[in-house]
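This is final-v4.pdb (PDB, C-alpha atoms and all ligand atoms).
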ATOM      1  CA  MET A 203     131.094 149.300   4.972
ATOM      2  CA  SER A 204     129.061 152.040   3.393
ATOM      3  CA  SER A 205     127.329 154.906   5.061
ATOM      4  CA  ILE A 206     124.859 157.407   3.697
ATOM      5  CA  LYS A 207     126.123 160.897   4.284
ATOM      6  CA  PRO A 208     123.550 163.486   5.314
ATOM      7  CA  ALA A 209     122.682 166.052   2.673
ATOM      8  CA  VAL A 210     124.626 169.294   2.787
ATOM      9  CA  PHE A 211     122.448 172.366   2.600
ATOM     10  CA  GLN A 212     122.962 175.894   1.355
ATOM     11  CA  THR A 213     123.436 178.544   4.005
ATOM     12  CA  THR A 214     122.662 182.159   4.719
ATOM     13  CA  LEU A 215     122.966 184.561   7.643
ATOM     14  CA  ASN A 216     120.564 184.329  10.593
ATOM     15  CA  GLU A 217     119.821 188.044  10.488
ATOM     16  CA  LYS A 218     121.002 191.429   9.217
ATOM     17  CA  ILE A 219     124.118 193.158  10.513
ATOM     18  CA  SER A 220     125.647 196.519   9.570
ATOM     19  CA  CYS A 221     128.943 198.348   9.736
ATOM     20  CA  THR A 222     130.348 201.662   8.580
ATOM     21  CA  GLY A 223     133.756 202.330   7.114
ATOM     22  CA  VAL A 224     135.729 204.197   4.513
ATOM     23  CA  GLY A 225     136.184 203.180   0.857
ATOM     24  CA  LEU A 226     139.882 202.570   0.123
ATOM     25  CA  HIS A 227     139.806 204.259  -3.271
ATOM     26  CA  SER A 228     136.962 206.761  -2.915
ATOM     27  CA  GLY A 229     137.871 207.872   0.615
ATOM     28  CA  THR A 230     134.163 208.355   1.397
ATOM     29  CA  ASP A 231     132.229 206.762   4.264
ATOM     30  CA  VAL A 232     129.870 203.962   3.393
ATOM     31  CA  THR A 233     127.353 201.976   5.430
ATOM     32  CA  MET A 234     127.123 198.303   4.594
ATOM     33  CA  THR A 235     124.460 195.809   5.705
ATOM     34  CA  LEU A 236     124.862 192.059   5.284
ATOM     35  CA  ALA A 237     121.378 190.517   4.992
ATOM     36  CA  PRO A 238     119.994 186.950   4.719
ATOM     37  CA  ALA A 239     118.901 185.767   1.257
ATOM     38  CA  PRO A 240     116.948 182.774  -0.103
ATOM     39  CA  ALA A 241     118.648 179.700  -1.586
ATOM     40  CA  ASN A 242     120.194 180.098  -5.045
ATOM     41  CA  THR A 243     120.615 183.876  -4.643
ATOM     42  CA  GLY A 244     124.377 183.648  -4.330
ATOM     43  CA  ILE A 245     126.041 186.848  -3.141
ATOM     44  CA  GLN A 246     124.369 189.947  -4.550
ATOM     45  CA  PHE A 247     125.149 193.590  -3.896
ATOM     46  CA  ARG A 248     122.374 196.176  -3.686
ATOM     47  CA  ARG A 249     123.142 199.881  -4.052
ATOM     48  CA  THR A 250     120.672 201.540  -1.683
ATOM     49  CA  ASP A 251     121.757 204.989  -2.928
ATOM     50  CA  LEU A 252     120.127 204.204  -6.298
ATOM     51  CA  THR A 253     116.473 203.708  -7.201
ATOM     52  CA  ALA A 254     116.950 201.629 -10.368
ATOM     53  CA  HIS A 255     119.373 198.954 -11.612
ATOM     54  CA  ASP A 256     120.509 198.664  -8.022
ATOM     55  CA  ILE A 257     121.339 194.911  -7.989
ATOM     56  CA  VAL A 258     124.875 193.797  -8.916
ATOM     57  CA  PRO A 259     125.546 190.027  -8.744
ATOM     58  CA  ALA A 260     129.013 189.073  -7.498
ATOM     59  CA  ARG A 261     129.869 186.719 -10.328
ATOM     60  CA  PHE A 262     133.078 186.234 -12.303
ATOM     61  CA  ASP A 263     131.302 187.334 -15.471
ATOM     62  CA  SER A 264     130.242 190.630 -13.862
ATOM     63  CA  VAL A 265     133.873 191.556 -13.051
ATOM     64  CA  VAL A 266     134.721 194.651 -15.135
ATOM     65  CA  ASP A 267     137.956 195.946 -13.585
ATOM     66  CA  THR A 268     140.820 194.289 -11.726
ATOM     67  CA  GLN A 269     143.320 197.152 -11.649
ATOM     68  CA  LEU A 270     143.554 197.823  -7.905
ATOM     69  CA  GLY A 271     140.874 195.526  -6.600
ATOM     70  CA  THR A 272     137.967 193.533  -7.960
ATOM     71  CA  THR A 273     135.165 195.694  -9.386
ATOM     72  CA  ILE A 274     131.852 194.276 -10.580
ATOM     73  CA  ALA A 275     129.082 195.944 -12.601
ATOM     74  CA  ASN A 276     125.598 195.063 -13.816
ATOM     75  CA  GLU A 277     124.260 195.513 -17.361
ATOM     76  CA  ALA A 278     123.327 199.136 -16.621
ATOM     77  CA  GLY A 279     126.949 199.859 -15.657
ATOM     78  CA  VAL A 280     126.232 200.237 -11.940
ATOM     79  CA  ARG A 281     129.469 199.318 -10.145
ATOM     80  CA  VAL A 282     130.624 197.968  -6.801
ATOM     81  CA  LEU A 283     134.337 198.299  -5.988
ATOM     82  CA  THR A 284     136.713 196.290  -3.788
ATOM     83  CA  ILE A 285     134.462 193.263  -3.164
ATOM     84  CA  GLU A 286     137.271 190.710  -2.693
ATOM     85  CA  HIS A 287     137.926 190.788   1.074
ATOM     86  CA  LEU A 288     134.206 190.540   1.848
ATOM     87  CA  MET A 289     133.764 187.741  -0.713
ATOM     88  CA  ALA A 290     136.656 185.887   0.913
ATOM     89  CA  ALA A 291     134.912 186.146   4.307
ATOM     90  CA  PHE A 292     131.678 184.716   2.889
ATOM     91  CA  ALA A 293     133.536 181.831   1.231
ATOM     92  CA  GLY A 294     135.754 181.229   4.246
ATOM     93  CA  CYS A 295     132.754 181.114   6.603
ATOM     94  CA  GLY A 296     130.686 178.947   4.247
ATOM     95  CA  VAL A 297     127.974 181.546   3.498
ATOM     96  CA  ASP A 298     126.346 180.710   0.137
ATOM     97  CA  ASN A 299     123.615 183.347  -0.023
ATOM     98  CA  ALA A 300     123.494 186.970   1.118
ATOM     99  CA  ILE A 301     122.424 190.432   0.018
ATOM    100  CA  VAL A 302     125.006 193.134   0.665
ATOM    101  CA  GLU A 303     123.412 196.569   0.884
ATOM    102  CA  LEU A 304     125.711 199.532   0.288
ATOM    103  CA  ASP A 305     124.859 203.239   0.277
ATOM    104  CA  GLY A 306     127.820 203.994  -1.988
ATOM    105  CA  GLU A 307     129.867 202.255  -4.656
ATOM    106  CA  GLU A 308     132.682 200.773  -2.600
ATOM    107  CA  VAL A 309     132.836 198.077   0.086
ATOM    108  CA  PRO A 310     134.457 199.619   3.199
ATOM    109  CA  ILE A 311     138.111 198.624   3.563
ATOM    110  CA  MET A 312     137.881 198.282   7.397
ATOM    111  CA  ASP A 313     141.371 197.179   8.561
ATOM    112  CA  GLY A 314     142.449 195.961   5.096
ATOM    113  CA  SER A 315     141.774 192.292   5.888
ATOM    114  CA  SER A 316     138.724 189.982   6.054
ATOM    115  CA  ALA A 317     138.742 189.701   9.856
ATOM    116  CA  PRO A 318     136.138 192.454  10.515
ATOM    117  CA  PHE A 319     133.748 190.780   8.036
ATOM    118  CA  VAL A 320     134.272 187.348   9.617
ATOM    119  CA  LYS A 321     133.435 188.962  12.959
ATOM    120  CA  LEU A 322     130.149 190.361  11.565
ATOM    121  CA  ILE A 323     129.210 186.956  10.086
ATOM    122  CA  GLU A 324     130.043 185.177  13.325
ATOM    123  CA  HIS A 325     128.075 187.707  15.350
ATOM    124  CA  VAL A 326     124.773 186.888  13.601
ATOM    125  CA  GLY A 327     125.650 183.268  12.782
ATOM    126  CA  VAL A 328     124.921 181.091   9.770
ATOM    127  CA  LYS A 329     121.870 178.888   9.192
ATOM    128  CA  ASP A 330     120.938 176.094   6.791
ATOM    129  CA  LEU A 331     118.364 176.583   4.055
ATOM    130  CA  THR A 332     116.295 173.742   2.579
ATOM    131  CA  CYS A 333     118.060 173.493  -0.814
ATOM    132  CA  LYS A 334     121.110 171.318  -1.290
ATOM    133  CA  ARG A 335     124.470 173.042  -1.606
ATOM    134  CA  LYS A 336     126.093 172.807  -5.024
ATOM    135  CA  VAL A 337     129.800 172.938  -5.728
ATOM    136  CA  VAL A 338     131.901 173.488  -8.841
ATOM    137  CA  ARG A 339     133.930 170.283  -9.068
ATOM    138  CA  ILE A 340     137.074 170.790 -11.138
ATOM    139  CA  LYS A 341     137.486 167.820 -13.530
ATOM    140  CA  ARG A 342     140.809 168.553 -15.203
ATOM    141  CA  ASP A 343     143.700 171.016 -14.944
ATOM    142  CA  VAL A 344     142.975 174.505 -16.236
ATOM    143  CA  ARG A 345     145.927 176.901 -16.415
ATOM    144  CA  VAL A 346     146.246 180.576 -17.341
ATOM    145  CA  GLY A 347     149.170 182.993 -17.429
ATOM    146  CA  ASN A 348     152.778 182.638 -18.579
ATOM    147  CA  THR A 349     155.977 181.094 -17.208
ATOM    148  CA  ASP A 350     156.414 183.950 -14.701
ATOM    149  CA  ARG A 351     152.856 184.583 -13.481
ATOM    150  CA  HIS A 352     150.364 181.766 -13.614
ATOM    151  CA  ALA A 353     147.349 180.175 -11.966
ATOM    152  CA  THR A 354     145.971 176.632 -12.195
ATOM    153  CA  LEU A 355     142.850 174.931 -10.859
ATOM    154  CA  ARG A 356     143.115 171.143 -10.641
ATOM    155  CA  PRO A 357     140.928 168.321  -9.308
ATOM    156  CA  ALA A 358     140.966 167.787  -5.497
ATOM    157  CA  ASP A 359     138.562 166.573  -2.811
ATOM    158  CA  THR A 360     138.476 169.862  -0.934
ATOM    159  CA  PHE A 361     139.202 173.517  -1.671
ATOM    160  CA  GLU A 362     142.918 174.192  -1.329
ATOM    161  CA  VAL A 363     145.007 177.213  -2.260
ATOM    162  CA  ASP A 364     148.748 177.305  -2.849
ATOM    163  CA  LEU A 365     150.629 180.448  -3.851
ATOM    164  CA  GLU A 366     154.127 181.793  -4.297
ATOM    165  CA  ILE A 367     154.940 185.485  -4.537
ATOM    166  CA  ASP A 368     158.235 187.189  -5.299
ATOM    167  CA  PHE A 369     158.625 190.926  -4.754
ATOM    168  CA  ASP A 370     161.727 192.970  -5.366
ATOM    169  CA  SER A 371     161.544 194.238  -1.786
ATOM    170  CA  PRO A 372     163.788 193.227   1.125
ATOM    171  CA  VAL A 373     160.849 192.969   3.538
ATOM    172  CA  ILE A 374     158.771 190.736   1.233
ATOM    173  CA  GLY A 375     161.014 188.802  -1.160
ATOM    174  CA  ARG A 376     159.902 185.282  -1.998
ATOM    175  CA  GLN A 377     157.081 183.796   0.094
ATOM    176  CA  HIS A 378     155.120 180.587  -0.296
ATOM    177  CA  HIS A 379     152.054 179.410   1.603
ATOM    178  CA  ARG A 380     149.437 176.693   1.222
ATOM    179  CA  VAL A 381     146.094 176.275   2.982
ATOM    180  CA  ARG A 382     143.436 173.577   2.915
ATOM    181  CA  LEU A 383     140.255 175.505   3.602
ATOM    182  CA  ILE A 384     138.665 173.206   6.162
ATOM    183  CA  ASN A 385     137.968 173.361   9.902
ATOM    184  CA  GLY A 386     138.176 177.101  10.215
ATOM    185  CA  ALA A 387     141.538 177.414   8.450
ATOM    186  CA  PHE A 388     140.410 180.549   6.628
ATOM    187  CA  LYS A 389     139.807 182.360   9.894
ATOM    188  CA  SER A 390     143.039 181.302  11.588
ATOM    189  CA  GLU A 391     145.434 181.322   8.615
ATOM    190  CA  LEU A 392     144.244 184.012   6.194
ATOM    191  CA  ALA A 393     141.437 186.247   7.477
ATOM    192  CA  SER A 394     143.615 188.716   9.405
ATOM    193  CA  ALA A 395     146.213 189.265   6.660
ATOM    194  CA  ARG A 396     146.049 192.887   5.487
ATOM    195  CA  THR A 397     146.426 194.410   2.067
ATOM    196  CA  PHE A 398     149.738 196.158   1.396
ATOM    197  CA  GLY A 399     151.290 198.868  -0.720
ATOM    198  CA  PHE A 400     154.569 200.646  -1.372
ATOM    199  CA  MET A 401     155.297 204.208  -0.281
ATOM    200  CA  LYS A 402     156.669 205.003  -3.735
ATOM    201  CA  ASP A 403     153.264 204.212  -5.268
ATOM    202  CA  VAL A 404     151.184 206.211  -2.798
ATOM    203  CA  GLU A 405     151.722 209.621  -4.435
ATOM    204  CA  THR A 406     151.027 208.247  -7.918
ATOM    205  CA  LEU A 407     147.779 206.602  -6.784
ATOM    206  CA  ARG A 408     146.639 209.715  -4.923
ATOM    207  CA  SER A 409     147.312 211.931  -7.951
ATOM    208  CA  MET A 410     145.147 209.562 -10.003
ATOM    209  CA  GLY A 411     142.324 210.060  -7.484
ATOM    210  CA  LEU A 412     142.799 206.547  -6.117
ATOM    211  CA  SER A 413     143.567 205.230  -2.666
ATOM    212  CA  GLN A 414     142.062 208.390  -1.105
ATOM    213  CA  GLY A 415     140.974 206.350   1.936
ATOM    214  CA  GLY A 416     144.250 204.474   2.304
ATOM    215  CA  SER A 417     146.106 204.833   5.601
ATOM    216  CA  LEU A 418     148.243 202.873   8.030
ATOM    217  CA  ASP A 419     144.948 201.814   9.668
ATOM    218  CA  ASN A 420     143.920 199.735   6.640
ATOM    219  CA  CYS A 421     147.097 198.878   4.761
ATOM    220  CA  ILE A 422     150.638 197.658   5.395
ATOM    221  CA  VAL A 423     152.897 200.303   3.885
ATOM    222  CA  VAL A 424     156.405 199.283   2.812
ATOM    223  CA  ASP A 425     159.034 201.999   2.375
ATOM    224  CA  GLY A 426     162.304 200.510   1.124
ATOM    225  CA  ASP A 427     163.394 198.029   3.786
ATOM    226  CA  VAL A 428     161.024 199.389   6.441
ATOM    227  CA  ILE A 429     157.425 198.601   7.363
ATOM    228  CA  LEU A 430     155.829 201.903   8.385
ATOM    229  CA  ASN A 431     153.055 200.396  10.527
ATOM    230  CA  GLU A 432     154.023 200.821  14.187
ATOM    231  CA  ASP A 433     152.825 197.387  15.273
ATOM    232  CA  GLY A 434     154.566 195.548  12.445
ATOM    233  CA  LEU A 435     153.084 192.421  10.877
ATOM    234  CA  ARG A 436     150.282 190.113  12.044
ATOM    235  CA  TYR A 437     151.918 187.048  10.454
ATOM    236  CA  ARG A 438     155.582 186.706   9.536
ATOM    237  CA  ASP A 439     154.481 186.036   5.934
ATOM    238  CA  GLU A 440     151.431 188.322   5.984
ATOM    239  CA  PHE A 441     152.023 189.372   2.354
ATOM    240  CA  VAL A 442     151.552 185.949   0.737
ATOM    241  CA  ARG A 443     148.680 185.216   3.116
ATOM    242  CA  HIS A 444     146.902 188.359   1.954
ATOM    243  CA  LYS A 445     147.408 187.366  -1.680
ATOM    244  CA  LEU A 446     145.871 183.968  -0.804
ATOM    245  CA  LEU A 447     142.960 185.777   0.852
ATOM    246  CA  ASP A 448     142.502 187.664  -2.441
ATOM    247  CA  VAL A 449     142.517 184.325  -4.322
ATOM    248  CA  VAL A 450     139.776 182.961  -2.035
ATOM    249  CA  GLY A 451     137.735 186.149  -2.526
ATOM    250  CA  ASP A 452     138.157 186.260  -6.287
ATOM    251  CA  LEU A 453     137.369 182.549  -6.722
ATOM    252  CA  ALA A 454     134.235 183.064  -4.604
ATOM    253  CA  THR A 455     132.732 184.778  -7.657
ATOM    254  CA  ALA A 456     132.397 181.309  -9.240
ATOM    255  CA  GLY A 457     128.853 181.359  -7.818
ATOM    256  CA  PHE A 458     129.399 178.067  -5.957
ATOM    257  CA  ALA A 459     131.991 176.747  -3.579
ATOM    258  CA  ILE A 460     134.945 175.240  -5.461
ATOM    259  CA  GLU A 461     136.063 171.648  -5.050
ATOM    260  CA  GLY A 462     139.562 171.835  -6.434
ATOM    261  CA  ARG A 463     143.105 172.933  -5.781
ATOM    262  CA  PHE A 464     144.417 176.364  -6.781
ATOM    263  CA  GLU A 465     148.136 176.659  -7.515
ATOM    264  CA  GLY A 466     149.562 180.019  -8.452
ATOM    265  CA  ALA A 467     152.629 182.181  -8.781
ATOM    266  CA  LYS A 468     152.528 185.998  -8.549
ATOM    267  CA  THR A 469     148.800 186.120  -9.183
ATOM    268  CA  GLY A 470     146.562 189.140  -8.841
ATOM    269  CA  HIS A 471     142.885 189.929  -9.349
ATOM    270  CA  ALA A 472     143.206 189.888 -13.154
ATOM    271  CA  LEU A 473     144.732 186.422 -13.345
ATOM    272  CA  ASN A 474     142.329 185.028 -10.727
ATOM    273  CA  ASN A 475     139.386 186.228 -12.816
ATOM    274  CA  GLU A 476     140.955 184.992 -16.062
ATOM    275  CA  LEU A 477     141.251 181.548 -14.456
ATOM    276  CA  LEU A 478     137.535 181.352 -13.627
ATOM    277  CA  ARG A 479     136.609 182.524 -17.124
ATOM    278  CA  ALA A 480     138.842 179.794 -18.568
ATOM    279  CA  VAL A 481     137.258 177.108 -16.343
ATOM    280  CA  PHE A 482     133.712 178.051 -17.314
ATOM    281  CA  ALA A 483     134.569 178.470 -21.010
ATOM    282  CA  ASP A 484     134.641 174.671 -21.496
ATOM    283  CA  PRO A 485     132.002 172.393 -19.884
ATOM    284  CA  ASP A 486     134.543 169.538 -19.878
ATOM    285  CA  ASN A 487     136.565 171.441 -17.246
ATOM    286  CA  TYR A 488     134.008 171.180 -14.437
ATOM    287  CA  GLU A 489     130.705 169.870 -13.182
ATOM    288  CA  ILE A 490     128.126 171.447 -10.892
ATOM    289  CA  SER A 491     127.122 168.818  -8.364
ATOM    290  CA  ASP A 492     125.870 168.284  -4.814
ATOM    291  CA  ALA A 493     128.398 169.146  -2.111
ATOM    292  CA  ARG A 494     129.809 166.092  -0.359
ATOM    293  CA  ALA A 495     130.912 167.665   2.881
ATOM    294  CA  PRO A 496     130.164 170.791   4.903
ATOM    295  CA  MET A 497     132.167 173.750   3.697
ATOM    296  CA  PRO A 498     135.212 175.445   5.214
ATOM    297  CA  ALA A 499     134.484 177.045   8.529
ATOM    298  CA  TYR A 500     130.788 176.385   8.582
ATOM    299  CA  ASP A 501     131.016 173.990  11.484
ATOM    300  CA  VAL A 502     132.851 176.490  13.649
ATOM    301  CA  VAL A 503     130.633 179.485  12.853
ATOM    302  CA  SER A 504     127.710 179.875  15.207
ATOM    303  CA  ALA A 505     125.492 182.672  16.412
ATOM    304  CA  ALA A 506     126.752 184.707  19.325
ATOM    305  CA  GLU A 507     125.062 183.764  22.590
TER     306      GLU A 507
HETATM  307 ZN    ZN B 601     143.369 192.263  -1.160
END
Render the structure in this file as structure tokens.
Ligand SMILES: [Zn+2]
Amino acid sequence: MSSIKPAVFQTTLNEKISCTGVGLHSGTDVTMTLAPAPANTGIQFRRTDLTAHDIVPARFDSVVDTQLGTTIANEAGVRVLTIEHLMAAFAGCGVDNAIVELDGEEVPIMDGSSAPFVKLIEHVGVKDLTCKRKVVRIKRDVRVGNTDRHATLRPADTFEVDLEIDFDSPVIGRQHHRVRLINGAFKSELASARTFGFMKDVETLRSMGLSQGGSLDNCIVVDGDVILNEDGLRYRDEFVRHKLLDVVGDLATAGFAIEGRFEGAKTGHALNNELLRAVFADPDNYEISDARAPMPAYDVVSAAE
């Protein structure tokens, strides 16, 4: 028996929504507005503190720095820092198109996870546009890295992520987690996992003028065999879940939802970006085609009553 599946359409937000928070690295307050956008816009940032060259597209080929987060820039060198947790929320909630207005150069860190951004998206809700949704369908295995740290995208029917991390820290150690990003799994399994850092690195980062906005309110801080945050962890394996959240956010710069399976070990922003560049370097690796099924959490995201 055959059935004709209904077309799957691109999405955007129903209306604008704003928040204010501190930039993790700059330490300055920034106001951010998530706004609806027409089909085929993708996710674009707009620096409202500038009068020219203010648009920065969130695409893998606009990534210019991956040292402590994912930084993008346009041809004029205008930058936006720390986009990955917001990008993960868009991908995880099935938002294809949006304009992100910022009155500074860094996305606010909020609580260090994607949960506050998911909340904003859910508050305004997501709507269909009239253009069909496209996906990047992975056609053959593409691998980057070395024997220790590596990342692979391989063919699969849905978007799945699988990661192992191994830290020389008694509270982290070796952790492995795998998520199929369907039916709201991003929200329940990854969205609340916070970024983390080590006490021994804090002074170094601060002296370099980085992490000025970092605090126990937006970061898990590990000091030897102790977690300094009073309330402890949100998931037993919050560390690997956050690294998976970063993978989802970094892969969201592909410009389309991905139909494929990510498998990685000890990845970070640099390797995630290298993987996308490797995929798009050879047209035999992928095809851009109509989406076959609604994306991740789209069916569970609706406007607040
Ligand atoms: Zn992160």
Per residue of chain A within 8 Å of ligand ZN 601 (chain B), record the nearest atom pair and its distance in Å to one decimal, counting only C-alpha atoms and all ligand atoms, with rows in chain order and ascending residue number, as JSON lines.
{"residue": "A:Gly271", "atom": "CA", "partner": "B:ZN601", "partner_atom": "ZN", "distance": 6.8}
{"residue": "A:Glu286", "atom": "CA", "partner": "B:ZN601", "partner_atom": "ZN", "distance": 6.5}
{"residue": "A:His287", "atom": "CA", "partner": "B:ZN601", "partner_atom": "ZN", "distance": 6.1}
{"residue": "A:Gly314", "atom": "CA", "partner": "B:ZN601", "partner_atom": "ZN", "distance": 7.3}
{"residue": "A:Ser315", "atom": "CA", "partner": "B:ZN601", "partner_atom": "ZN", "distance": 7.2}
{"residue": "A:Arg396", "atom": "CA", "partner": "B:ZN601", "partner_atom": "ZN", "distance": 7.2}
{"residue": "A:Thr397", "atom": "CA", "partner": "B:ZN601", "partner_atom": "ZN", "distance": 4.9}
{"residue": "A:Phe398", "atom": "CA", "partner": "B:ZN601", "partner_atom": "ZN", "distance": 7.9}
{"residue": "A:His444", "atom": "CA", "partner": "B:ZN601", "partner_atom": "ZN", "distance": 6.1}
{"residue": "A:Lys445", "atom": "CA", "partner": "B:ZN601", "partner_atom": "ZN", "distance": 6.4}
{"residue": "A:Leu447", "atom": "CA", "partner": "B:ZN601", "partner_atom": "ZN", "distance": 6.8}
{"residue": "A:Asp448", "atom": "CA", "partner": "B:ZN601", "partner_atom": "ZN", "distance": 4.9}
So that I have them on file, write out the residues from the current selection with C-alpha atoms, as a PDB file, keeping the file's coordinate frame.
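And here is the file that came out, result-v1.pdb:
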ATOM      1  CA  GLY A 271     140.874 195.526  -6.600  1.00  0.00           C
ATOM      2  CA  GLU A 286     137.271 190.710  -2.693  1.00  0.00           C
ATOM      3  CA  HIS A 287     137.926 190.788   1.074  1.00  0.00           C
ATOM      4  CA  GLY A 314     142.449 195.961   5.096  1.00  0.00           C
ATOM      5  CA  SER A 315     141.774 192.292   5.888  1.00  0.00           C
ATOM      6  CA  ARG A 396     146.049 192.887   5.487  1.00  0.00           C
ATOM      7  CA  THR A 397     146.426 194.410   2.067  1.00  0.00           C
ATOM      8  CA  PHE A 398     149.738 196.158   1.396  1.00  0.00           C
ATOM      9  CA  HIS A 444     146.902 188.359   1.954  1.00  0.00           C
ATOM     10  CA  LYS A 445     147.408 187.366  -1.680  1.00  0.00           C
ATOM     11  CA  LEU A 447     142.960 185.777   0.852  1.00  0.00           C
ATOM     12  CA  ASP A 448     142.502 187.664  -2.441  1.00  0.00           C
TER      13      ASP A 448
END
Next item on the list: Excluding A:Leu477 and residues on its chain fewer than 5 positions from it, collect all residues at most 9 Å away from it, counting only C-alpha atoms, and give them as number ranges by chain.
Entry: A: 344-347, 353-355, 453, 472, 482
For the selection you just gave me, I'd like the residues written to a file as a PDB file, in the coordinates of the input, keeping C-alpha atoms.
ATOM      1  CA  VAL A 344     142.975 174.505 -16.236  1.00  0.00           C
ATOM      2  CA  ARG A 345     145.927 176.901 -16.415  1.00  0.00           C
ATOM      3  CA  VAL A 346     146.246 180.576 -17.341  1.00  0.00           C
ATOM      4  CA  GLY A 347     149.170 182.993 -17.429  1.00  0.00           C
ATOM      5  CA  ALA A 353     147.349 180.175 -11.966  1.00  0.00           C
ATOM      6  CA  THR A 354     145.971 176.632 -12.195  1.00  0.00           C
ATOM      7  CA  LEU A 355     142.850 174.931 -10.859  1.00  0.00           C
ATOM      8  CA  LEU A 453     137.369 182.549  -6.722  1.00  0.00           C
ATOM      9  CA  ALA A 472     143.206 189.888 -13.154  1.00  0.00           C
ATOM     10  CA  PHE A 482     133.712 178.051 -17.314  1.00  0.00           C
TER      11      PHE A 482
END
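With only C-alpha atoms as the basis for measurement, A:Arg463 is the residue among A:Arg463, A:His379, A:Arg443, A:Arg261 that approaches A:Phe361 most closely.
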Next item on the list: For the structure provided, state which residues fall under the PyMOL selection byres (((chain A and resi 233) around 7) and not hetatm), and present them as a PyMOL selection string.
Entry: chain A and resi 221-223+231-232+234-235+304-305
Quick one: which residues end up in the PyMOL selection byres (((chain A and resi 294) around 9) and not hetatm) for this structure, as a compact mmCIF listing (two decimals) with C-alpha atoms, in the coordinates of the input?
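The result, stored in out.txt:
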# COMPACT_ATOMS: atom_id res chain seq x y z
CA MET A 289 133.76 187.74 -0.71
CA ALA A 290 136.66 185.89 0.91
CA ALA A 291 134.91 186.15 4.31
CA PHE A 292 131.68 184.72 2.89
CA ALA A 293 133.54 181.83 1.23
CA CYS A 295 132.75 181.11 6.60
CA GLY A 296 130.69 178.95 4.25
CA VAL A 297 127.97 181.55 3.50
CA VAL A 320 134.27 187.35 9.62
CA LEU A 383 140.26 175.50 3.60
CA ILE A 384 138.66 173.21 6.16
CA GLY A 386 138.18 177.10 10.22
CA ALA A 387 141.54 177.41 8.45
CA PHE A 388 140.41 180.55 6.63
CA LYS A 389 139.81 182.36 9.89
CA ALA A 393 141.44 186.25 7.48
CA VAL A 450 139.78 182.96 -2.04
CA GLY A 451 137.74 186.15 -2.53
CA MET A 497 132.17 173.75 3.70
CA PRO A 498 135.21 175.44 5.21
CA ALA A 499 134.48 177.04 8.53
CA TYR A 500 130.79 176.38 8.58
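Across the structure, atom CA of A:Pro240 and atom CA of A:Ser220 are spaced 18.9 Å apart.
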Margin query: When the PyMOL selection byres (((chain A and resi 424) around 10) and not hetatm) is applied to the structure above, which residues does it catch, written out as a count of residues only?
Written below: 20
Next item on the list: Find the residues near A:Thr469: any atom within 7 Å, counting all atoms listed in the file, skip ones fewer than 3 places away on the same chain, and give them as a PyMOL selection string.
Entry: chain A and resi 351-353+466+473-474
C-alpha atoms of the current selection, written as a CSV table (one decimal), in the coordinates of the input:
chain,number,residue,atom,x,y,z
A,351,ARG,CA,152.9,184.6,-13.5
A,352,HIS,CA,150.4,181.8,-13.6
A,353,ALA,CA,147.3,180.2,-12.0
A,466,GLY,CA,149.6,180.0,-8.5
A,473,LEU,CA,144.7,186.4,-13.3
A,474,ASN,CA,142.3,185.0,-10.7
Next item on the list: Rank nothing, just name the residue among A:Ala278, A:Ala395, A:Ala358, A:Ala300 nearest to A:Glu465, using all atoms listed in the file.
Entry: A:Ala358
